[in-house]
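Note sheet for the following structure.
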Amino acid sequence: MGIEENTTDERELVSRAQQDPDAFGELYALYVDRIYRYIYHRVGNVHDAEDITSRTFFRALSHIQSYEDKGYPFSAWLYRIAHNLLSNWHRDHKRRPTVSIDALILPDRHETRPETITLIDDDNEYLNEAIQELDARRQELIFLKFIEGFSNAEIGEIMGKSEGAIKSLYHRTLLALRKSMIKRGLDL
């Protein structure tokens with residue numbers, strides 16, 4: 001997956017989209033799958049994920065004129081819009097989001113023995129349960145850091161926090177996950 005760099009091509013696309021709304025379609029095509037995946041993991045159902053994704057891009061198109069390049073990828077701005085819409089959605093629905101990491105951490109099963117696969121699957125299940133026990137903010141941090149691969153600075157931009165605050169939250173989150181995994185009997 002990786003993080004796209006704030007390249008000249010991306011800047012050119014944004015600049016064109018600021019002049020011609022039809023050019024926004026290229027930005028949409030470039031980022032819609034990643035934004036949808038991010039939202040889906042936060043709401044847990046297709047209907048709401050599609051709705052929030054469409055509202056994210058509608059809001060981005062509506063505000064593309066006010067977008068300023070601050071050295072972060074354009075996608076950080078989109079994630080920030082999605083983050084704000086998700087905050088509103090969670091406040092309105094009063095549900096705890098979940099992050100399903102089952103499909104994301106898969107061992108190479110071609111050369112692994114069946115008993116090892118079973119142990120790994122059990123560990124993944126415990127990890128998924130531990131992540132689901134985290135508050136929504138920490139779940140979002142885990143998703144952005146490990147699934148999307150964003151840096152602490154980019155996560156800070158998305159979540160509206162300083163890089164130092166993200167480092168601190170990351171450290172506390174890993175400690176909480178470790179404690180939860182030890183409680184489940186896993187030796188770390």
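By convention here, the chains of the structure tokens are called A, B, ... in the order presented, each chain's residues are numbered starting at 1, and ligands are numbered starting at 1 in the order presented.
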*Write out as a PyMOL selection string the residues lying within 10 Å of range 65-77 of chain A, counting only C-alpha atoms and excluding same-chain residues fewer than 3 positions away.*
chain A and resi 3-7+10-11+13-15+17-19+21+27+30-32+34-35+60-62+80-83+150+153-159
If I take CA of Ser180 in chain A and CA of Ala130 in chain A, how far is one from the other in Å, to one decimal?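 Between CA of Ser180 in chain A and CA of Ala130 in chain A the gap works out to 6.0 Å.
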The distance between CA of Asp9 in chain A and CA of Tyr28 in chain A is 14.6 Å
Among A:Glu148, A:Asp48, A:Glu12, A:Glu129, Phe24 in chain A is approached most closely, using only C-alpha atoms, by A:Glu12
Next on the checklist: Between CA of Thr173 in chain A and CA of Thr53 in chain A, what distance in Å does the model show, to one decimal?
Outcome noted: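 Here the two named atoms are 27.0 Å from each other.
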Review point. Excluding same-chain residues fewer than 6 positions from Arg137 in chain A, what lies within 12 Å of it counting only C-alpha atoms, as a PyMOL selection string?
Key: chain A and resi 42+83+86-87+90+96-99+131+143-144+155-156+158-161+166+169-170+172-173
